[in-house]
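S.K.: Below are the structure tokens for one structure; questions will follow.
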Amino acid sequence: MNLIPKYLAVLVVLIAASYFYLEPIVTHEDKYKVVIVNKSEYKISSVEITGPGENIHEMGIIKKTRIQDYIFEPEQDGSLEYFITQNGQEIRGTINNSLKKNEAGDIYVVLGERYKVKVYDEYDI
């Protein structure tokens, strides 16, 4: 009795099942992702992201030259905003003025020197 074909068949089934289960989780194709990029010389103490129909999402400390992301599905149309605290300074702004329900995609909020924030649709990290 040869067990190799059985093991190969089980391996193929597991790989296929893993791909179909993990691929949407890894790529987040149907979700909206906000990536906070800290390009400044100070750590970010906290970040709050507020969206339409969403509870406030709080992120912890983001060290300099680091990133952190928040992935969600917009439940309503409206404005997506941020509130960043860094080195005693409070910075507020808008990420997307017209976020649509069930919209998907990536957006990058980059905090640079002198507390300047820029929002990009694409950013090479």
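Ligands are numbered from 1 in the order shown, residues from 1 within each chain, and chains are lettered A, B, ... in the order they appear in the structure tokens.
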Stretch 46-48 of chain A: which residues within 7 Å, counting only C-alpha atoms, same-chain residues fewer than 3 positions away excluded, as an NGL selection string?

M.R.: :A and (56-61 or 82-85)

S.K.: The selected residues should be written to file as a PDB file, in the first residue's frame (atoms: C-alpha atoms).

M.R.:
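So again-v4.pdb came out as:
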ATOM      1  CA  ILE A  56     -13.842  55.625  16.814  1.00  0.00           C
ATOM      2  CA  HIS A  57     -10.891  53.350  16.123  1.00  0.00           C
ATOM      3  CA  GLU A  58      -7.925  54.078  18.374  1.00  0.00           C
ATOM      4  CA  MET A  59      -4.364  53.112  17.535  1.00  0.00           C
ATOM      5  CA  GLY A  60      -1.575  53.103  20.074  1.00  0.00           C
ATOM      6  CA  ILE A  61       1.960  54.370  19.778  1.00  0.00           C
ATOM      7  CA  TYR A  82      -8.190  61.424  11.754  1.00  0.00           C
ATOM      8  CA  PHE A  83      -7.004  62.852  15.057  1.00  0.00           C
ATOM      9  CA  ILE A  84      -3.270  62.426  15.740  1.00  0.00           C
ATOM     10  CA  THR A  85      -1.443  63.273  18.952  1.00  0.00           C
TER      11      THR A  85
END

S.K.: Applying 10 Å and only C-alpha atoms, which residues near stretch 87-89 of chain A remain after dropping the ones on its own chain fewer than 3 positions away? List them as a VMD selection string.

M.R.: chain A and resid 42 to 45 84 115

S.K.: Which residue gives the smallest distance to A:Ser40 among A:Ile71, A:Ala16, A:Leu80, A:Ile62, with only C-alpha atoms counted?

M.R.: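 Distance minimum relative to A:Ser40 lands on A:Ile62.
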
S.K.: What's the 7 Å shell around stretch 35-39 of chain A, counting only C-alpha atoms, without same-chain residues fewer than 6 positions away, as a compact mmCIF listing (two decimals) with N, CA and C atoms, in the first residue's frame?

M.R.:
# COMPACT_ATOMS: atom_id res chain seq x y z
N ILE A 62 2.89 54.76 17.58
CA ILE A 62 3.53 54.40 16.32
C ILE A 62 4.91 55.05 16.36
N LYS A 64 8.75 56.23 15.29
CA LYS A 64 9.22 56.89 14.07
C LYS A 64 9.67 55.85 13.06
N THR A 65 9.42 56.13 11.81
CA THR A 65 9.69 55.28 10.64
C THR A 65 8.87 54.00 10.63
N ARG A 66 7.78 53.93 11.38
CA ARG A 66 6.92 52.75 11.42
C ARG A 66 5.56 53.05 10.80
N ILE A 67 4.81 51.99 10.53
CA ILE A 67 3.46 52.13 10.00
C ILE A 67 2.50 51.29 10.84
N GLN A 68 1.22 51.65 10.72
CA GLN A 68 0.16 50.85 11.33
C GLN A 68 -1.07 51.04 10.47
N ASP A 69 -1.86 49.99 10.32
CA ASP A 69 -3.04 50.12 9.46
C ASP A 69 -4.32 49.77 10.20
N TYR A 70 -5.40 50.25 9.62
CA TYR A 70 -6.75 49.99 10.12
C TYR A 70 -7.57 49.57 8.92
N ILE A 107 -5.57 53.83 1.47
CA ILE A 107 -5.23 55.24 1.55
C ILE A 107 -4.15 55.39 2.61
N TYR A 108 -3.21 56.29 2.36
CA TYR A 108 -2.05 56.45 3.23
C TYR A 108 -2.06 57.85 3.84
N VAL A 109 -1.95 57.90 5.17
CA VAL A 109 -1.87 59.16 5.90
C VAL A 109 -0.43 59.24 6.41
N VAL A 110 0.33 60.17 5.84
CA VAL A 110 1.76 60.26 6.12
C VAL A 110 2.03 61.49 6.97
N LEU A 111 2.56 61.27 8.17
CA LEU A 111 2.94 62.36 9.06
C LEU A 111 4.43 62.62 8.90
N GLY A 112 4.76 63.80 8.40
CA GLY A 112 6.15 64.16 8.16
C GLY A 112 6.68 65.13 9.20

S.K.: Skip A:Ala104 itself and residues of its chain fewer than 4 positions away, then list as number ranges by chain all residues within 6 Å of it, counting only C-alpha atoms.

M.R.: A: 30-32
